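Peer 1: I'm passing along model-v4.cif; it holds mmCIF, C-alpha atoms.
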data_model
#
loop_
_atom_site.label_atom_id
_atom_site.label_comp_id
_atom_site.auth_asym_id
_atom_site.auth_seq_id
_atom_site.Cartn_x
_atom_site.Cartn_y
_atom_site.Cartn_z
CA MET A 18 126.18 95.45 190.51
CA GLY A 19 124.72 94.73 193.90
CA ALA A 20 123.97 91.29 195.17
CA VAL A 21 123.40 89.86 191.71
CA PRO A 22 126.37 90.67 189.52
CA ARG A 23 126.16 90.72 185.78
CA ARG A 24 126.88 87.29 184.56
CA THR A 25 126.05 84.86 181.91
CA ALA A 26 126.20 81.23 181.24
CA TRP A 27 129.54 79.56 181.23
CA PRO A 28 130.62 75.96 181.16
CA ALA A 29 129.89 74.36 184.45
CA HIS A 30 132.80 71.97 184.51
CA ARG A 31 136.22 73.50 184.65
CA ARG A 32 137.78 70.70 182.69
CA GLU A 33 135.46 71.26 179.77
CA TRP A 34 135.79 74.96 180.20
CA ASN A 35 139.51 74.79 179.75
CA LYS A 36 139.14 72.94 176.52
CA GLN A 37 136.50 75.25 175.21
CA ALA A 38 138.17 78.50 176.00
CA GLY A 39 140.28 78.39 172.91
CA THR A 40 137.45 77.82 170.52
CA ARG A 41 134.57 79.91 171.74
CA PRO A 42 136.36 83.18 171.17
CA LEU A 43 137.06 82.03 167.66
CA ALA A 44 133.37 82.17 167.18
CA LEU A 45 133.46 85.54 168.84
CA LEU A 46 135.99 86.83 166.42
CA VAL A 47 134.46 85.31 163.37
CA THR A 48 131.14 86.75 164.32
CA ALA A 49 132.69 90.16 164.70
CA LEU A 50 133.99 89.82 161.19
CA ALA A 51 130.51 89.20 159.90
CA GLY A 52 130.08 92.90 159.55
CA LEU A 53 132.51 92.82 156.70
CA ALA A 54 130.40 90.45 154.70
CA PHE A 55 127.88 93.13 153.89
CA LEU A 56 130.55 94.75 151.77
CA LEU A 57 130.77 91.62 149.69
CA LEU A 58 134.24 90.95 150.87
CA PRO A 59 135.66 87.59 150.22
CA GLY A 60 136.89 85.61 153.12
CA PRO A 61 136.24 85.60 156.74
CA PRO A 62 132.81 85.25 158.06
CA THR A 63 130.54 86.44 160.63
CA GLY A 64 130.73 88.02 163.97
CA TYR A 65 127.44 87.33 165.58
CA ALA A 66 128.03 83.70 166.21
CA ALA A 67 131.38 84.43 167.68
CA ARG A 68 130.20 86.93 170.18
CA SER A 69 127.35 84.82 171.22
CA ALA A 70 129.42 81.71 171.43
CA ALA A 71 131.49 83.39 174.07
CA VAL A 72 128.54 83.36 176.40
CA LEU A 73 127.00 80.11 175.38
CA PRO A 74 127.01 77.21 177.76
CA PRO A 75 127.91 73.70 176.75
CA ALA A 76 125.10 71.77 175.23
CA GLY A 77 125.06 69.28 178.07
CA PRO A 78 122.96 70.08 181.08
CA ILE A 79 122.08 73.57 179.94
CA ARG A 80 119.29 73.50 177.38
CA SER A 81 118.70 77.20 176.87
CA VAL A 82 120.06 80.62 177.77
CA GLN A 83 118.44 84.04 177.62
CA ALA A 84 120.38 87.16 178.49
CA ASP A 85 120.54 90.90 177.95
CA PHE A 86 123.80 92.49 176.95
CA VAL A 87 125.37 95.91 176.87
CA GLN A 88 128.22 96.56 174.49
CA GLU A 89 130.55 99.50 174.97
CA LYS A 90 132.86 100.57 172.21
CA GLN A 91 135.84 102.61 173.31
CA LEU A 92 137.92 104.52 170.81
CA PRO A 93 140.47 107.20 171.58
CA ILE A 94 138.60 109.73 169.46
CA LEU A 95 135.37 109.28 171.38
CA ALA A 96 134.48 111.69 174.15
CA ARG A 97 132.25 108.96 175.51
CA PRO A 98 131.91 105.31 174.52
CA LEU A 99 129.33 104.09 172.04
CA ARG A 100 126.83 101.95 173.84
CA SER A 101 124.71 99.25 172.21
CA ARG A 102 122.11 97.06 173.83
CA GLY A 103 120.61 93.78 172.84
CA ILE A 104 119.50 90.30 173.73
CA LEU A 105 120.83 86.80 173.30
CA LEU A 106 118.76 83.64 173.04
CA PHE A 107 120.25 80.19 172.74
CA GLN A 108 118.57 76.83 172.51
CA ALA A 109 120.64 73.66 172.40
CA PRO A 110 121.89 72.23 170.21
CA ASP A 111 122.18 74.87 167.52
CA SER A 112 119.59 77.65 167.66
CA LEU A 113 120.72 81.18 168.28
CA ARG A 114 119.24 84.66 168.22
CA TRP A 115 121.69 87.55 168.66
CA GLU A 116 119.89 90.86 168.44
CA TYR A 117 121.04 94.44 168.76
CA GLN A 118 118.14 96.65 169.79
CA SER A 119 119.92 100.00 169.83
CA PRO A 120 121.27 102.23 168.43
CA VAL A 121 121.03 100.28 165.16
CA ARG A 122 118.72 97.29 165.27
CA SER A 123 120.19 94.19 163.67
CA LEU A 124 119.71 90.49 164.07
CA LEU A 125 121.32 87.16 163.37
CA LEU A 126 119.36 83.95 163.44
CA LEU A 127 120.89 80.51 163.41
CA HIS A 128 118.43 77.64 163.28
CA ARG A 129 118.53 74.09 161.99
CA GLY A 130 121.60 74.69 159.91
CA ARG A 131 120.35 77.90 158.35
CA SER A 132 121.78 81.33 159.12
CA ARG A 133 120.04 84.60 158.35
CA SER A 134 121.04 88.20 158.96
CA PHE A 135 118.79 91.24 159.18
CA ILE A 136 119.19 94.95 159.61
CA ASP A 137 116.63 97.63 160.31
CA ARG A 138 115.57 99.83 157.43
CA ASP A 139 112.93 102.40 158.28
CA GLY A 140 111.57 100.34 161.12
CA VAL A 141 111.52 97.03 159.27
CA LEU A 142 114.08 94.28 159.64
CA VAL A 143 115.35 93.54 156.15
CA GLU A 144 117.23 90.38 155.37
CA GLN A 145 120.79 90.89 154.25
CA ARG A 146 120.92 88.80 151.14
CA ASN A 147 124.50 89.68 150.47
CA MET A 148 125.72 88.22 153.73
CA ALA A 149 127.88 85.58 152.17
CA ALA A 150 126.03 82.37 152.76
CA SER A 151 129.22 80.40 152.68
CA GLY A 152 130.67 82.42 155.52
CA LEU A 153 127.62 82.21 157.68
CA ASN A 154 127.20 78.55 157.04
CA MET A 155 130.79 77.91 157.87
CA ILE A 156 130.38 79.62 161.20
CA LEU A 157 127.19 77.79 161.85
CA THR A 158 128.90 74.53 161.16
CA GLU A 159 131.74 75.38 163.50
CA LEU A 160 129.43 76.65 166.17
CA THR A 161 127.33 73.54 165.98
CA GLY A 162 130.42 71.47 166.35
CA TRP A 163 131.53 73.39 169.41
CA LEU A 164 128.14 73.09 171.00
CA GLN A 165 128.36 69.36 170.53
CA GLY A 166 131.67 69.18 172.31
CA ASN A 167 134.09 69.19 169.38
CA PHE A 168 136.75 71.46 170.76
CA HIS A 169 139.85 69.93 169.34
CA ASP A 170 141.07 72.75 167.13
CA THR A 171 142.76 75.52 169.06
CA ALA A 172 145.10 76.45 166.25
CA THR A 173 143.62 79.92 165.94
CA PHE A 174 144.07 81.16 169.48
CA GLN A 175 146.61 80.71 172.20
CA VAL A 176 145.06 80.60 175.65
CA HIS A 177 146.66 82.38 178.60
CA ARG A 178 145.38 82.42 182.16
CA ASP A 179 146.30 84.73 184.98
CA LYS A 180 147.57 83.11 188.16
CA SER A 181 144.32 83.58 190.01
CA GLY A 182 142.39 81.96 187.21
CA GLY A 183 140.11 84.96 187.10
CA LEU A 184 140.88 85.96 183.54
CA ILE A 185 141.24 84.01 180.34
CA ARG A 186 143.16 85.73 177.55
CA LEU A 187 142.99 84.48 174.00
CA VAL A 188 145.63 85.66 171.58
CA PRO A 189 145.40 84.99 167.82
CA ARG A 190 148.21 82.84 166.56
CA LYS A 191 148.30 84.12 163.00
CA PRO A 192 149.70 87.57 162.18
CA GLY A 193 146.86 88.23 159.75
CA LEU A 194 144.34 87.74 162.49
CA ARG A 195 146.38 89.75 164.97
CA ALA A 196 146.17 92.69 162.58
CA ILE A 197 142.43 92.71 163.16
CA LEU A 198 142.26 91.57 166.73
CA LYS A 199 144.95 91.73 169.38
CA GLU A 200 143.31 89.63 172.09
CA ILE A 201 140.10 88.64 173.80
CA ASP A 202 139.75 88.63 177.57
CA LEU A 203 137.07 86.53 179.20
CA GLU A 204 136.07 87.23 182.76
CA PRO A 205 134.30 84.36 184.47
CA GLY A 206 131.35 85.17 186.69
CA GLY A 207 130.93 84.57 190.36
CA ARG A 208 130.09 80.90 190.04
CA PRO A 209 130.63 78.13 187.52
CA GLY A 210 128.36 78.37 184.54
CA LEU A 211 128.44 82.14 184.29
CA LEU A 212 130.53 84.68 182.40
CA ARG A 213 130.71 88.24 183.60
CA SER A 214 132.15 90.02 180.58
CA VAL A 215 134.01 89.74 177.30
CA ARG A 216 136.66 92.29 176.39
CA ILE A 217 137.74 92.42 172.75
CA VAL A 218 140.93 94.35 172.11
CA GLU A 219 141.30 95.45 168.50
CA ASP A 220 144.47 97.38 169.10
CA ARG A 221 146.10 99.40 171.79
CA ASP A 222 143.29 101.91 172.13
CA ALA A 223 140.19 100.29 170.62
CA LEU A 224 138.15 98.08 172.92
CA THR A 225 134.77 96.43 172.83
CA ILE A 226 133.37 95.32 176.16
CA LEU A 227 130.33 93.09 176.42
CA SER A 228 128.56 92.76 179.74
CA PHE A 229 125.68 90.39 180.36
CA SER A 230 122.76 90.62 182.71
CA ASN A 231 119.35 89.16 183.44
CA VAL A 232 120.53 85.68 182.55
CA ARG A 233 117.89 82.97 182.55
CA ILE A 234 118.90 79.35 182.19
CA ASN A 235 116.78 76.50 180.88
CA GLN A 236 113.59 78.48 180.49
CA PRO A 237 111.44 77.66 177.46
CA ILE A 238 111.89 79.76 174.32
CA ALA A 239 109.33 79.78 171.51
CA PRO A 240 110.88 78.08 168.46
CA GLN A 241 109.87 80.88 166.11
CA ARG A 242 112.22 83.21 167.98
CA PHE A 243 115.01 81.44 166.12
CA SER A 244 113.39 81.47 162.71
CA GLN A 245 111.53 84.78 162.43
CA PRO A 246 112.60 88.39 162.97
CA MET B 19 109.10 115.54 154.13
CA ASN B 20 108.04 119.15 154.27
CA ARG B 21 107.80 121.40 151.28
CA PHE B 22 111.02 123.21 152.04
CA VAL B 23 112.96 120.02 151.92
CA PHE B 24 111.25 119.10 148.71
CA LEU B 25 112.16 122.44 147.20
CA ALA B 26 115.68 122.04 148.48
CA MET B 27 115.97 118.65 146.86
CA LEU B 28 114.78 120.08 143.58
CA LEU B 29 117.28 122.86 143.87
CA PHE B 30 120.10 120.44 144.45
CA LEU B 31 119.09 118.13 141.67
CA ALA B 32 118.98 121.08 139.36
CA GLY B 33 122.37 122.09 140.59
CA CYS B 34 123.75 118.67 139.84
CA ALA B 35 122.80 119.02 136.23
CA GLN B 36 124.85 122.14 135.87
CA PRO B 37 128.44 121.90 134.77
CA GLY B 38 129.70 124.23 137.48
CA PRO B 39 128.90 126.93 139.97
CA ARG B 40 126.21 129.39 139.06
CA ARG B 41 126.86 133.05 138.63
CA LEU B 42 126.33 134.90 141.88
CA LEU B 43 124.63 138.24 142.07
CA PRO B 44 126.00 140.52 144.79
CA ALA B 45 124.27 140.17 148.14
CA PRO B 46 125.27 140.40 151.80
CA CYS B 47 126.25 137.21 153.54
CA ASP B 48 123.39 135.23 154.99
CA PRO B 49 124.17 134.88 158.70
CA GLY B 50 122.83 131.35 158.45
CA CYS B 51 125.98 130.25 156.67
CA ASP B 52 127.96 130.67 159.85
CA GLN B 53 125.65 128.16 161.53
CA LEU B 54 126.59 125.44 159.06
CA THR B 55 129.95 124.78 160.69
CA PRO B 56 130.25 123.36 164.18
CA ARG B 57 132.45 125.64 166.25
CA GLY B 58 134.60 124.16 168.96
CA ARG B 59 134.82 120.43 169.43
CA TRP B 60 131.93 118.21 168.41
CA GLN B 61 131.39 114.48 168.24
CA PHE B 62 128.89 113.08 165.77
CA VAL B 63 127.74 109.49 165.44
CA HIS B 64 125.73 108.55 162.38
CA ARG B 65 124.26 105.47 160.94
CA ILE B 66 125.43 105.48 157.33
CA ARG B 67 123.80 103.64 154.47
CA PHE B 68 126.32 103.40 151.66
CA THR B 69 125.32 102.58 148.11
CA GLY B 70 127.83 102.41 145.32
CA GLN B 71 128.18 100.76 141.95
CA ALA B 72 129.62 97.50 143.22
CA MET B 73 128.58 97.33 146.84
CA ALA B 74 126.23 98.58 149.47
CA GLY B 75 126.07 98.33 153.20
CA ASP B 76 125.42 99.86 156.57
CA LEU B 77 128.03 101.42 158.80
CA ILE B 78 128.31 103.51 161.91
CA GLY B 79 130.35 106.63 161.33
CA VAL B 80 132.05 108.54 164.12
CA THR B 81 133.26 112.05 163.37
CA VAL B 82 135.04 114.41 165.73
CA VAL B 83 135.43 117.96 164.49
CA ASP B 84 137.77 120.18 166.44
CA GLY B 85 138.43 123.37 164.55
CA ASP B 86 140.49 122.38 161.55
CA THR B 87 141.27 118.93 162.93
CA LEU B 88 139.16 115.95 161.92
CA ARG B 89 139.02 112.47 163.35
CA CYS B 90 136.77 109.80 161.98
CA ALA B 91 136.06 106.11 162.31
CA LEU B 92 133.87 103.65 160.46
CA LEU B 93 132.42 100.74 162.39
CA THR B 94 130.22 97.84 161.48
CA PRO B 95 126.71 98.14 162.95
CA GLU B 96 127.92 95.60 165.50
CA GLY B 97 130.80 97.83 166.55
CA MET B 98 133.90 96.47 164.90
CA THR B 99 136.31 99.17 163.78
CA LEU B 100 136.96 99.02 160.05
CA PHE B 101 138.69 102.32 159.58
CA SER B 102 139.96 105.19 161.67
CA ALA B 103 142.05 108.21 160.82
CA ARG B 104 142.79 111.75 161.83
CA GLU B 105 143.67 114.73 159.73
CA ARG B 106 145.53 117.69 161.10
CA GLN B 107 147.50 120.48 159.54
CA GLU B 108 150.49 118.16 159.52
CA GLY B 109 148.61 115.75 157.30
CA LEU B 110 146.51 112.62 157.30
CA GLU B 111 147.26 109.77 159.69
CA ILE B 112 145.53 106.45 159.10
CA LEU B 113 145.19 104.61 162.39
CA ARG B 114 143.41 101.50 161.13
CA ALA B 115 142.20 100.39 157.72
CA LEU B 116 140.83 96.93 157.06
CA PRO B 117 140.04 95.87 153.49
CA PRO B 118 138.46 97.33 151.44
CA PHE B 119 139.00 100.55 153.34
CA ASP B 120 142.74 100.29 152.81
CA ARG B 121 142.60 100.88 149.10
CA PRO B 122 144.61 103.83 147.78
CA GLY B 123 142.77 107.10 147.92
CA PHE B 124 139.97 105.89 150.18
CA ALA B 125 141.14 107.69 153.31
CA GLU B 126 141.80 110.92 151.45
CA GLY B 127 138.40 110.77 149.79
CA LEU B 128 136.58 109.97 153.00
CA LEU B 129 138.23 112.76 154.94
CA ALA B 130 137.53 115.15 152.09
CA ASP B 131 133.84 114.24 152.23
CA VAL B 132 133.80 114.65 155.99
CA ARG B 133 135.46 118.03 155.63
CA THR B 134 132.91 119.04 153.00
CA LEU B 135 130.15 118.06 155.39
CA PHE B 136 131.42 119.72 158.54
CA VAL B 137 134.26 122.16 158.00
CA HIS B 138 133.82 125.46 156.19
CA PRO B 139 135.83 128.65 156.38
CA ARG B 140 134.60 131.62 158.34
CA VAL B 141 135.10 133.95 155.41
CA MET B 142 133.22 133.14 152.23
CA GLN B 143 132.07 134.87 149.09
CA CYS B 144 128.38 135.57 149.38
CA GLY B 145 125.62 136.32 146.91
CA ARG B 146 122.37 135.16 145.38
CA ASP B 147 121.72 133.01 142.39
CA ALA B 148 119.20 133.89 139.71
CA SER B 149 116.40 132.28 141.70
CA GLY B 150 117.12 134.52 144.68
CA GLN B 151 118.64 131.78 146.79
CA ASP B 152 121.36 132.97 149.17
CA ILE B 153 124.64 131.18 148.62
CA CYS B 154 127.93 131.21 150.51
CA ARG B 155 130.81 130.13 148.31
CA TYR B 156 134.41 129.10 148.96
CA ARG B 157 137.19 127.06 147.45
CA ASP B 158 138.26 124.05 149.52
CA ARG B 159 141.69 122.51 150.06
CA ARG B 160 141.40 120.45 146.92
CA GLY B 161 140.53 123.45 144.82
CA TRP B 162 136.88 122.47 144.51
CA SER B 163 134.26 125.19 144.41
CA VAL B 164 131.76 124.76 147.25
CA ASP B 165 128.35 126.42 147.55
CA LEU B 166 126.63 126.40 150.93
CA VAL B 167 122.92 127.03 150.82
CA PRO B 168 121.17 127.93 154.08
CA LEU B 169 117.50 127.08 153.80
CA ALA B 170 114.48 128.68 155.38
CA ASP B 171 113.59 125.55 157.35
CA GLY B 172 116.85 125.72 159.28
CA CYS B 173 118.53 123.04 157.21
CA PHE B 174 121.13 123.43 154.53
CA GLY B 175 122.28 122.18 151.19
CA LEU B 176 125.68 122.04 149.61
CA ARG B 177 127.09 121.63 146.15
CA ALA B 178 130.74 121.06 145.39
CA TRP B 179 132.39 120.89 141.99
CA SER B 180 135.81 119.79 140.95
CA GLY B 181 136.84 121.90 138.02
CA GLN B 182 139.45 119.36 136.95
CA THR B 183 137.79 115.95 137.22
CA GLY B 184 134.16 116.90 136.77
CA GLU B 185 133.25 115.23 140.05
CA THR B 186 130.53 116.72 142.18
CA ARG B 187 129.14 116.33 145.69
CA THR B 188 125.56 117.23 146.44
CA ILE B 189 124.38 117.33 150.04
CA ALA B 190 120.83 117.70 151.31
CA SER B 191 119.73 117.76 154.93
CA ARG B 192 116.47 117.65 156.83
CA ASP B 193 115.13 117.70 160.38
CA CYS B 194 117.58 120.30 161.60
CA ALA B 195 117.80 122.01 164.97
CA LEU B 196 120.06 124.81 166.08
CA THR B 197 122.23 123.46 168.91
CA ASP B 198 125.05 125.46 170.46
CA GLY B 199 125.15 127.67 167.37
CA TYR B 200 125.27 124.80 164.89
CA ARG B 201 122.46 123.53 162.71
CA VAL B 202 122.48 119.83 163.58
CA ALA B 203 120.75 117.75 160.91
CA ARG B 204 119.12 114.45 161.80
CA HIS B 205 119.24 113.29 158.19
CA ILE B 206 121.90 114.01 155.59
CA THR B 207 122.25 112.66 152.08
CA LEU B 208 125.52 113.01 150.22
CA ALA B 209 125.53 112.09 146.54
CA ALA B 210 128.87 111.79 144.77
CA ALA B 211 128.92 111.97 140.99
CA GLY B 212 131.95 111.12 138.93
CA PRO B 213 133.84 108.04 137.79
CA ARG B 214 132.74 106.08 140.91
CA PRO B 215 129.38 107.47 142.01
CA TYR B 216 128.01 106.67 145.44
CA THR B 217 125.47 107.89 147.93
CA LEU B 218 125.74 108.19 151.70
CA THR B 219 122.49 108.37 153.63
CA MET B 220 123.29 109.46 157.15
CA THR B 221 120.99 109.32 160.15
CA LEU B 222 122.15 111.01 163.31
CA ILE B 223 122.58 108.81 166.36
CA GLU B 224 124.32 111.37 168.55
CA ALA B 225 125.62 114.93 168.33
CA LEU B 226 127.73 115.88 171.29
CA PRO B 227 129.46 119.17 171.85
CA ALA B 228 132.54 117.83 173.58
CA GLN B 229 134.96 119.65 175.80
CA GLN B 230 137.56 116.98 176.34
CA SER B 231 140.49 116.89 173.99
CA ALA B 232 141.40 113.71 172.17
CA PRO B 233 144.80 112.55 171.00
#
Written as structure tokens, that's how I'd like the structure from this file.

Peer 2:
Amino acid sequence: MGAVPRRTAWPAHRREWNKQAGTRPLALLVTALAGLAFLLLPGPPTGYAARSAAVLPPAGPIRSVQADFVQEKQLPILARPLRSRGILLFQAPDSLRWEYQSPVRSLLLLHRGRSRSFIDRDGVLVEQRNMAASGLNMILTELTGWLQGNFHDTATFQVHRDKSGGLIRLVPRKPGLRAILKEIDLEPGGRPGLLRSVRIVEDRDALTILSFSNVRINQPIAPQRFSQP
Amino acid sequence: MNRFVFLAMLLFLAGCAQPGPRRLLPAPCDPGCDQLTPRGRWQFVHRIRFTGQAMAGDLIGVTVVDGDTLRCALLTPEGMTLFSARERQEGLEILRALPPFDRPGFAEGLLADVRTLFVHPRVMQCGRDASGQDICRYRDRRGWSVDLVPLADGCFGLRAWSGQTGETRTIASRDCALTDGYRVARHITLAAAGPRPYTLTMTLIEALPAQQSAP
């Protein structure tokens, strides 16, 4: 990675960071589950917010984050991993744009309490009307709470740290959740406020690894980026 | 869409309306039929648009064909694994199945569709239908009658009939290119007719002749 390693925003204060570690991945997981909503499944909500929450800074001194990401999906049947690319935009307190640009373009917008999901159809981003509004709104509500410092509920994940403090592992507490997701590993970046990668372990052989780069903190973002595709 | 594809679509639609396979007039085997099965190990990644009676959605489908062995996975567009399985001579092994992909019969049906798309025997009955179209015919593992139709534009069509349930599968392809002896299609449409009709619209993301073996 050279002199400037891949990194992304991460809570600046370790004390806050410790408290948040258990809740941000919940957003990560829930966001990952968003993909199920398109099938009109009842129950758990969306994945976008979760993934993005894992790289979001606290709403305190950091006002905005922009970053590129690369997502690698590893499955035992794959001769080479599936690679997706996209961008993340966050504006405190509760505006989010999580966008996959390839190989399948899709988008989640969270803005002023409203969540919208889009997917590319023949070059046009089409809103997913069947993304269960209740699920998305629930995630939005939770995410907003986390961004405002409400990190009291860690009932979903158990947090483990390696001795060096270089890795945070989040393990679902409930068996139902563990059937979907075994653990999430967070790798802090080279300095406080940055996160190098997120590693989502579905089961023994299925991994999703998110790496972040080109992170820009507190630079202005046009408001319509959070409300329009 | 070029005129060949249009003609092919008409042909398939006409085929759907028929109760079963057409009578074949004797003819030598079209060598193109042999190019409709990937030989060796291949990995395909497709974007899949699924439309059924009760639901619709977008998925990423991963298929690995290695001779008679199939492995497949369905992912959300964001990359979460919903389903994965492999089918060998010993049988079908489901590695992961989240609802609703865990319902009885889903895995068997999916793998059967994948097999219909990608795996065909080397030896088939060949002939021409009344319109002069070359057809390569075989009976699959389920006992369905399958007609492979190599088209002049390098693409292919397929019709499959179940004699017992009345179900059919109709496959049309377009934007094909011969790669390592296999006609790789950039776009495939599979229409299933029967008690629970559905359509899969598949757009190729990646076709990779792979040398490495997988578990």

Peer 1: On this file, the PyMOL selection byres ((chain B) within 10 of (chain A)) gives some set of residues; write that set as number ranges by chain.

Peer 2: B: 59-65, 67-68, 72-78, 80-82, 88-91, 93-100, 102-104, 113-118, 223-224, 226-233

Peer 1: When distances are computed from only C-alpha atoms, which of A:Ser132, A:Gln83, A:Gln241, A:Gln118 shows the smallest separation from Phe229 of chain A?

Peer 2: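 So, comparing all the options, the nearest one is A:Gln83.
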
Peer 1: So how far away is atom CA of Leu203 of chain A from atom CA of Trp115 of chain A, in Å?

Peer 2: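 Taking atom CA of Trp115 of chain A and atom CA of Leu203 of chain A, their separation equals 18.7 Å.
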
Peer 1: What box, with edges along x, y and z, holds each listed atom of segment 91-108 of chain B when 8 Å is added on every side, and can you state its centre and edge lengths in Å to one decimal, as AutoDock Vina command-line options?

Peer 2:
--center_x 138.6 --center_y 108.0 --center_z 163.0 --size_x 39.8 --size_y 40.9 --size_z 23.0

Peer 1: To test your reading of the syntax: which residues would the PyMOL selection byres ((chain B and resi 149-166) around 7) return for the file shown? Reply as JSON, numbers by chain.

Peer 2: {"B": [47, 48, 51, 142, 143, 144, 145, 146, 147, 148, 167, 168, 175, 176, 177, 178, 179, 180, 181]}

Peer 1: Go ahead and write the residues just picked, C-alpha atoms, as an mmCIF file, in the frame of the given file.

Peer 2:
data_model
loop_
_atom_site.group_PDB
_atom_site.id
_atom_site.type_symbol
_atom_site.label_atom_id
_atom_site.label_comp_id
_atom_site.auth_asym_id
_atom_site.auth_seq_id
_atom_site.Cartn_x
_atom_site.Cartn_y
_atom_site.Cartn_z
ATOM 1 C CA CYS B 47 126.250 137.210 153.540
ATOM 2 C CA ASP B 48 123.390 135.230 154.990
ATOM 3 C CA CYS B 51 125.980 130.250 156.670
ATOM 4 C CA MET B 142 133.220 133.140 152.230
ATOM 5 C CA GLN B 143 132.070 134.870 149.090
ATOM 6 C CA CYS B 144 128.380 135.570 149.380
ATOM 7 C CA GLY B 145 125.620 136.320 146.910
ATOM 8 C CA ARG B 146 122.370 135.160 145.380
ATOM 9 C CA ASP B 147 121.720 133.010 142.390
ATOM 10 C CA ALA B 148 119.200 133.890 139.710
ATOM 11 C CA VAL B 167 122.920 127.030 150.820
ATOM 12 C CA PRO B 168 121.170 127.930 154.080
ATOM 13 C CA GLY B 175 122.280 122.180 151.190
ATOM 14 C CA LEU B 176 125.680 122.040 149.610
ATOM 15 C CA ARG B 177 127.090 121.630 146.150
ATOM 16 C CA ALA B 178 130.740 121.060 145.390
ATOM 17 C CA TRP B 179 132.390 120.890 141.990
ATOM 18 C CA SER B 180 135.810 119.790 140.950
ATOM 19 C CA GLY B 181 136.840 121.900 138.020
#

Peer 1: Name the residues that the PyMOL selection byres ((chain B and resi 105) around 10) picks from the file above, as a list of chain:residue names, using the file's chain letters and numbers.

Peer 2: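 Applied to this file, the PyMOL selection byres ((chain B and resi 105) around 10) selects B:Asp86, B:Thr87, B:Leu88, B:Arg89, B:Cys90, B:Ala103, B:Arg104, B:Arg106, B:Gln107, B:Glu108, B:Gly109, B:Leu110, B:Glu111, B:Ile112, B:Ala125, B:Glu126, B:Leu129, B:Ala130, B:Arg133.
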
Peer 1: Env of Leu54 of chain B: 10 Å cut, atoms = all atoms listed in the file, seq-sep filter 6 positions within chain, self excluded. Answer as a list in words.

Peer 2: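 Residues near the query, excluding close chain neighbours: Leu135, Phe136, Val137, His138, Leu166, Val167, Pro168, Gly172, Cys173, Phe174, Gly175, Leu196, Gly199, Tyr200, Arg201, Val202 and Ala203 of chain B.
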
Peer 1: Between atom CA of Leu218 of chain B and atom CA of Phe124 of chain B, what is the spacing in Å?

Peer 2: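 Pair atom CA of Phe124 of chain B / atom CA of Leu218 of chain B returns 14.5 Å.
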
Peer 1: Could you please determine the separation between atom CA of Leu208 of chain B and atom CA of Arg192 of chain B in Å, to one decimal place?

Peer 2: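 Atom CA of Arg192 of chain B lies 12.1 Å from atom CA of Leu208 of chain B.
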
Peer 1: Find, counting only C-alpha atoms, the residue in A:Asp179, A:Leu106, A:Ala84, A:Ile185 that gets nearest to Ile238 of chain A.

Peer 2: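 Nearest to Ile238 of chain A: A:Leu106.
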